[in-house]
Amino acid sequence: MLKKTLIAVSAIPLTTLALTSCGSDSAAGGTDDDGTITMGFAQVGAESGWRTANTKSIQETAEAEGIDLKFSDAQQKQENQIKAIRSYIQQKVDIIAFSPVVETGWDTVLLEAKRAGIPVILTDRAVDSEDTSLYETFLGSDFVLEGEKAGEWLVENAAEADVDGDGDVNVVELQGTTGAAPAIDRKTGFESAIAADDSISIGASQTGDFTRDGGKKVMEAFLKSEDGIDVVFAHNDDMGLGAIEAIEAAGLTPGKDVKIITIDAVKDGMAALAEGKISFIVECNPLLGPQLMDLAKKVLAGEEVPERVVTEETTFTQEQAKEVLPERQY
Ligand code: AHR
């Protein structure tokens, strides 16, 4: 039964680019006597449509594969995630997986897991730690590349994006959670791509914490403080959707008076793209459950796993969104 499941999972054409491999010598965890794997998963929260889809993918895959999943929602607080991980260590789960809310500050708790012989898998977001032996593998997107794709689209469409026709493309940026890998990396990637065109600059940049409400509030403030906003670059769809509410409330037309670029491609974002309110979306795939469970089984079986597994992703224009929206799963 385990063999059959592994074959089915590896057939999923989602991802995977192995850069380097590492062994699993800290994988002293094993399965229960009856072979059941117990996984403790410390989720970031429920801040966005992406996160909801990610949680569903993890929970449904665990159930389908008979993995006993202990799940916690940290409400975007690092201290809650650390508490959850410590509780999983105390409960002697077989394996821990988590999506770190911010990049730094994990070494102590990861060392506790290592000393307890419980392997850890990072999903979605990375940690900034020099000691890579503290985790087995990192499964998730290349966030720098996502930011670059957003910036490259803007460079290619700079003339159209200069909505007030003053020769400059004034961008306001809605950043994700301060200190989170996707916020840091998407900003880096976007800035490096727009450096190719001197007419494009970021006039204001603030965190909206990856939430719709956060994006709306920051955009309301930008509309009051910034003159001549041409483009919003939102680090996720939810903040872009919040920005749409603020732009419409200010009597402007999103997509015409202000162009919006977002990342994720969840259903609500894709609907706004198809309607012309968003101009371009870079995909970030939340359906990590099958690959996560596959990696967990391999680690616990003592098999080699790639040190890094990168999720394959695409981009969507308005026309492409119209085509794929009816079949969009999340
Ligand atoms: O870490 C992935 C990011 O976190 C998604 O882009 C965002 O929507 C989520 O909250």
# chains A, B, ... in the order shown; residues from 1 in each chain; ligands from 1

call {"tool": "closest_atom_pairs", "arguments": {"of": "chain A", "to": "ligand 1", "cutoff": "6 Å", "atoms": "only C-alpha atoms and all ligand atoms", "output": "JSON lines"}}
result
{"residue": "A:Glu47", "atom": "CA", "partner": "ligand 1", "partner_atom_place_in_ligand_line": "10 (O)", "distance": 5.5}
{"residue": "A:Ser48", "atom": "CA", "partner": "ligand 1", "partner_atom_place_in_ligand_line": "10 (O)", "distance": 5.0}
{"residue": "A:Trp50", "atom": "CA", "partner": "ligand 1", "partner_atom_place_in_ligand_line": "8 (O)", "distance": 4.6}
{"residue": "A:Arg51", "atom": "CA", "partner": "ligand 1", "partner_atom_place_in_ligand_line": "9 (C)", "distance": 5.5}
{"residue": "A:Asp124", "atom": "CA", "partner": "ligand 1", "partner_atom_place_in_ligand_line": "1 (O)", "distance": 5.5}
{"residue": "A:Arg125", "atom": "CA", "partner": "ligand 1", "partner_atom_place_in_ligand_line": "1 (O)", "distance": 5.6}
{"residue": "A:Pro182", "atom": "CA", "partner": "ligand 1", "partner_atom_place_in_ligand_line": "1 (O)", "distance": 5.6}
{"residue": "A:Phe210", "atom": "CA", "partner": "ligand 1", "partner_atom_place_in_ligand_line": "10 (O)", "distance": 5.0}
{"residue": "A:Asn236", "atom": "CA", "partner": "ligand 1", "partner_atom_place_in_ligand_line": "8 (O)", "distance": 4.9}
{"residue": "A:Asp264", "atom": "CA", "partner": "ligand 1", "partner_atom_place_in_ligand_line": "6 (O)", "distance": 5.3}

call {"tool": "residues_around", "arguments": {"residues": "Thr207 in chain A", "least_positions_apart": "2", "cutoff": "6 Å", "atoms": "only C-alpha atoms", "output": "list in words"}}
result
Leu174, Gln175, Gly176 and Asp209 of chain A

call {"tool": "write_last_selection", "arguments": {"atoms": "N, CA, C and O atoms", "output": "compact mmCIF listing (two decimals), in the first residue's frame"}}
result
# COMPACT_ATOMS: atom_id res chain seq x y z
N LEU A 174 3.21 46.74 -1.96
CA LEU A 174 2.58 46.18 -0.75
C LEU A 174 3.37 44.93 -0.39
O LEU A 174 3.25 43.89 -1.05
N GLN A 175 4.18 45.07 0.64
CA GLN A 175 5.07 43.96 1.02
C GLN A 175 4.34 42.94 1.88
O GLN A 175 3.44 43.28 2.64
N GLY A 176 4.82 41.70 1.82
CA GLY A 176 4.32 40.67 2.74
C GLY A 176 4.83 40.90 4.15
O GLY A 176 5.44 41.94 4.44
N ASP A 209 1.17 42.72 5.47
CA ASP A 209 1.12 41.46 6.22
C ASP A 209 0.45 40.30 5.47
O ASP A 209 -0.09 39.39 6.10

call {"tool": "closest_residue", "arguments": {"among": "A:Asp268, A:Glu313, A:Asp68, A:Glu248", "to": "Asp94 in chain A", "atoms": "only C-alpha atoms"}}
result
A:Asp68

call {"tool": "closest_residue", "arguments": {"among": "A:Gln78, A:Ser129, A:Gln206, A:Thr55", "to": "Ala183 in chain A", "atoms": "only C-alpha atoms"}}
result
A:Gln206

call {"tool": "atom_distance", "arguments": {"atom1": "CA of Lys216 in chain A", "atom2": "CA of Thr262 in chain A"}}
result
13.9 Å

call {"tool": "select_by_dssp", "arguments": {"residues": "range 53-288 of chain A", "states": "strand (DSSP E or B)", "output": "PyMOL selection string"}}
result
chain A and resi 68-73+95-98+120-123+137-140+169-175+200-207+231-234+254+258-264+280-283

call {"tool": "residues_around", "arguments": {"residues": "Glu226 in chain A", "least_positions_apart": "3", "cutoff": "10 Å", "atoms": "only C-alpha atoms", "output": "PyMOL selection string"}}
result
chain A and resi 170-172+203-204+219+221-223+229

call {"tool": "atom_distance", "arguments": {"atom1": "CA of Glu303 in chain A", "atom2": "CA of Val102 in chain A"}}
result
29.1 Å

call {"tool": "atom_distance", "arguments": {"atom1": "CA of Leu287 in chain A", "atom2": "CA of Asp34 in chain A"}}
result
28.2 Å

call {"tool": "closest_residue", "arguments": {"among": "A:Ala246, A:Val258, A:Leu295, A:Ala116", "to": "Asp164 in chain A", "atoms": "only C-alpha atoms"}}
result
A:Val258

call {"tool": "residues_around", "arguments": {"residues": "Glu319 in chain A", "least_positions_apart": "5", "cutoff": "12 Å", "atoms": "only C-alpha atoms", "output": "VMD selection string"}}
result
chain A and resid 270 to 276 278 to 281 324 to 325

call {"tool": "write_last_selection", "arguments": {"atoms": "all heavy atoms", "output": "PDB file, in the first residue's frame"}}
result
ATOM      1  N   MET A 270      -7.443  35.439  -9.656  1.00  0.00           N
ATOM      2  CA  MET A 270      -7.614  35.122 -11.080  1.00  0.00           C
ATOM      3  C   MET A 270      -8.920  35.718 -11.619  1.00  0.00           C
ATOM      4  O   MET A 270      -8.978  36.152 -12.775  1.00  0.00           O
ATOM      5  CB  MET A 270      -7.607  33.605 -11.274  1.00  0.00           C
ATOM      6  CG  MET A 270      -6.251  32.982 -10.974  1.00  0.00           C
ATOM      7  SD  MET A 270      -5.019  33.402 -12.204  1.00  0.00           S
ATOM      8  CE  MET A 270      -5.311  32.092 -13.375  1.00  0.00           C
ATOM      9  N   ALA A 271      -9.966  35.761 -10.765  1.00  0.00           N
ATOM     10  CA  ALA A 271     -11.231  36.369 -11.199  1.00  0.00           C
ATOM     11  C   ALA A 271     -11.013  37.868 -11.446  1.00  0.00           C
ATOM     12  O   ALA A 271     -11.501  38.419 -12.440  1.00  0.00           O
ATOM     13  CB  ALA A 271     -12.311  36.131 -10.139  1.00  0.00           C
ATOM     14  N   ALA A 272     -10.268  38.527 -10.547  1.00  0.00           N
ATOM     15  CA  ALA A 272      -9.996  39.965 -10.721  1.00  0.00           C
ATOM     16  C   ALA A 272      -9.108  40.205 -11.947  1.00  0.00           C
ATOM     17  O   ALA A 272      -9.244  41.226 -12.631  1.00  0.00           O
ATOM     18  CB  ALA A 272      -9.327  40.519  -9.462  1.00  0.00           C
ATOM     19  N   LEU A 273      -8.231  39.256 -12.248  1.00  0.00           N
ATOM     20  CA  LEU A 273      -7.375  39.356 -13.440  1.00  0.00           C
ATOM     21  C   LEU A 273      -8.240  39.217 -14.702  1.00  0.00           C
ATOM     22  O   LEU A 273      -8.120  40.010 -15.645  1.00  0.00           O
ATOM     23  CB  LEU A 273      -6.293  38.269 -13.391  1.00  0.00           C
ATOM     24  CG  LEU A 273      -5.266  38.215 -14.514  1.00  0.00           C
ATOM     25  CD1 LEU A 273      -4.428  39.485 -14.589  1.00  0.00           C
ATOM     26  CD2 LEU A 273      -4.335  37.001 -14.341  1.00  0.00           C
ATOM     27  N   ALA A 274      -9.124  38.227 -14.693  1.00  0.00           N
ATOM     28  CA  ALA A 274     -10.005  38.014 -15.847  1.00  0.00           C
ATOM     29  C   ALA A 274     -10.933  39.211 -16.067  1.00  0.00           C
ATOM     30  O   ALA A 274     -11.258  39.554 -17.203  1.00  0.00           O
ATOM     31  CB  ALA A 274     -10.825  36.736 -15.648  1.00  0.00           C
ATOM     32  N   GLU A 275     -11.310  39.879 -14.976  1.00  0.00           N
ATOM     33  CA  GLU A 275     -12.183  41.069 -15.079  1.00  0.00           C
ATOM     34  C   GLU A 275     -11.431  42.318 -15.510  1.00  0.00           C
ATOM     35  O   GLU A 275     -12.039  43.368 -15.727  1.00  0.00           O
ATOM     36  CB  GLU A 275     -12.763  41.399 -13.695  1.00  0.00           C
ATOM     37  CG  GLU A 275     -14.038  40.693 -13.325  1.00  0.00           C
ATOM     38  CD  GLU A 275     -14.465  41.117 -11.918  1.00  0.00           C
ATOM     39  OE1 GLU A 275     -14.863  42.272 -11.726  1.00  0.00           O
ATOM     40  OE2 GLU A 275     -14.343  40.286 -11.008  1.00  0.00           O
ATOM     41  N   GLY A 276     -10.100  42.254 -15.532  1.00  0.00           N
ATOM     42  CA  GLY A 276      -9.296  43.411 -15.944  1.00  0.00           C
ATOM     43  C   GLY A 276      -8.876  44.316 -14.799  1.00  0.00           C
ATOM     44  O   GLY A 276      -8.250  45.359 -15.019  1.00  0.00           O
ATOM     45  N   ILE A 278      -6.873  43.370 -12.186  1.00  0.00           N
ATOM     46  CA  ILE A 278      -5.442  43.084 -12.020  1.00  0.00           C
ATOM     47  C   ILE A 278      -4.877  42.920 -13.437  1.00  0.00           C
ATOM     48  O   ILE A 278      -5.578  42.446 -14.345  1.00  0.00           O
ATOM     49  CB  ILE A 278      -5.231  41.809 -11.171  1.00  0.00           C
ATOM     50  CG1 ILE A 278      -5.706  42.062  -9.722  1.00  0.00           C
ATOM     51  CG2 ILE A 278      -3.765  41.372 -11.171  1.00  0.00           C
ATOM     52  CD1 ILE A 278      -5.594  40.860  -8.787  1.00  0.00           C
ATOM     53  N   SER A 279      -3.622  43.321 -13.626  1.00  0.00           N
ATOM     54  CA  SER A 279      -3.036  43.259 -14.980  1.00  0.00           C
ATOM     55  C   SER A 279      -2.175  42.023 -15.218  1.00  0.00           C
ATOM     56  O   SER A 279      -2.038  41.577 -16.358  1.00  0.00           O
ATOM     57  CB  SER A 279      -2.182  44.504 -15.236  1.00  0.00           C
ATOM     58  OG  SER A 279      -3.009  45.643 -15.207  1.00  0.00           O
ATOM     59  N   PHE A 280      -1.581  41.475 -14.153  1.00  0.00           N
ATOM     60  CA  PHE A 280      -0.666  40.333 -14.344  1.00  0.00           C
ATOM     61  C   PHE A 280      -0.496  39.631 -12.998  1.00  0.00           C
ATOM     62  O   PHE A 280      -0.390  40.288 -11.959  1.00  0.00           O
ATOM     63  CB  PHE A 280       0.692  40.857 -14.829  1.00  0.00           C
ATOM     64  CG  PHE A 280       1.689  39.794 -15.202  1.00  0.00           C
ATOM     65  CD1 PHE A 280       1.475  38.954 -16.287  1.00  0.00           C
ATOM     66  CD2 PHE A 280       2.870  39.654 -14.481  1.00  0.00           C
ATOM     67  CE1 PHE A 280       2.423  37.981 -16.639  1.00  0.00           C
ATOM     68  CE2 PHE A 280       3.815  38.689 -14.823  1.00  0.00           C
ATOM     69  CZ  PHE A 280       3.582  37.855 -15.914  1.00  0.00           C
ATOM     70  N   ILE A 281      -0.481  38.283 -13.031  1.00  0.00           N
ATOM     71  CA  ILE A 281      -0.253  37.517 -11.793  1.00  0.00           C
ATOM     72  C   ILE A 281       0.861  36.490 -12.024  1.00  0.00           C
ATOM     73  O   ILE A 281       0.864  35.765 -13.021  1.00  0.00           O
ATOM     74  CB  ILE A 281      -1.523  36.779 -11.304  1.00  0.00           C
ATOM     75  CG1 ILE A 281      -2.649  37.780 -10.995  1.00  0.00           C
ATOM     76  CG2 ILE A 281      -1.216  35.959 -10.047  1.00  0.00           C
ATOM     77  CD1 ILE A 281      -3.914  37.150 -10.392  1.00  0.00           C
ATOM     78  N   VAL A 324      -8.324  29.755 -17.959  1.00  0.00           N
ATOM     79  CA  VAL A 324      -8.130  28.724 -16.929  1.00  0.00           C
ATOM     80  C   VAL A 324      -9.054  28.869 -15.719  1.00  0.00           C
ATOM     81  O   VAL A 324      -9.208  27.930 -14.938  1.00  0.00           O
ATOM     82  CB  VAL A 324      -6.656  28.656 -16.438  1.00  0.00           C
ATOM     83  CG1 VAL A 324      -5.707  28.390 -17.583  1.00  0.00           C
ATOM     84  CG2 VAL A 324      -6.240  29.900 -15.684  1.00  0.00           C
ATOM     85  N   LEU A 325      -9.694  30.032 -15.586  1.00  0.00           N
ATOM     86  CA  LEU A 325     -10.505  30.290 -14.386  1.00  0.00           C
ATOM     87  C   LEU A 325     -11.571  29.214 -14.106  1.00  0.00           C
ATOM     88  O   LEU A 325     -11.707  28.771 -12.958  1.00  0.00           O
ATOM     89  CB  LEU A 325     -11.137  31.686 -14.480  1.00  0.00           C
ATOM     90  CG  LEU A 325     -11.789  32.229 -13.217  1.00  0.00           C
ATOM     91  CD1 LEU A 325     -10.823  32.272 -12.050  1.00  0.00           C
ATOM     92  CD2 LEU A 325     -12.367  33.621 -13.485  1.00  0.00           C
TER      93      LEU A 325
END

call {"tool": "residues_around", "arguments": {"residues": "Thr188 in chain A", "least_positions_apart": "6", "cutoff": "10 Å", "atoms": "only C-alpha atoms", "output": "ChimeraX atom specification"}}
result
/A:143-148,182

call {"tool": "write_last_selection", "arguments": {"atoms": "C-alpha atoms", "output": "mmCIF file, in the first residue's frame"}}
result
data_model
loop_
_atom_site.group_PDB
_atom_site.id
_atom_site.type_symbol
_atom_site.label_atom_id
_atom_site.label_comp_id
_atom_site.auth_asym_id
_atom_site.auth_seq_id
_atom_site.Cartn_x
_atom_site.Cartn_y
_atom_site.Cartn_z
ATOM 1 C CA PHE A 143 10.393 33.625 -4.327
ATOM 2 C CA VAL A 144 13.204 35.677 -5.886
ATOM 3 C CA LEU A 145 12.228 34.293 -9.295
ATOM 4 C CA GLU A 146 8.576 35.198 -8.627
ATOM 5 C CA GLY A 147 9.572 38.816 -7.917
ATOM 6 C CA GLU A 148 11.734 38.859 -11.048
ATOM 7 C CA PRO A 182 8.578 35.650 0.432
#

call {"tool": "residues_around", "arguments": {"residues": "Ala243 in chain A", "least_positions_apart": "2", "cutoff": "10 Å", "atoms": "only C-alpha atoms", "output": "list in words"}}
result
Leu174, Gly208, Arg212, Asp213, Gly214, Gly215, Lys216, Lys217, Val218, Met219, Glu220, Phe222, Leu223, Val232, Phe233, Ala234, Asp237, Asp238, Met239, Gly240, Leu241, Glu245, Ala246, Ile247, Glu248, Ala249, Pro254 and Ile260 of chain A

call {"tool": "select_by_dssp", "arguments": {"residues": "range 64-300 of chain A", "states": "helix (DSSP H, G or I)", "output": "ChimeraX atom specification"}}
result
/A:64,78-90,107-115,132-134,143-156,158-161,181-194,212-225,237-249,267-274,289-300

call {"tool": "closest_residue", "arguments": {"among": "A:Lys322, A:Lys298, A:Pro306, A:Ser199", "to": "Gly167 in chain A", "atoms": "only C-alpha atoms"}}
result
A:Ser199

call {"tool": "closest_residue", "arguments": {"among": "A:Val309, A:Cys284, A:Gly269, A:Ala301", "to": "Ala321 in chain A", "atoms": "only C-alpha atoms"}}
result
A:Gly269
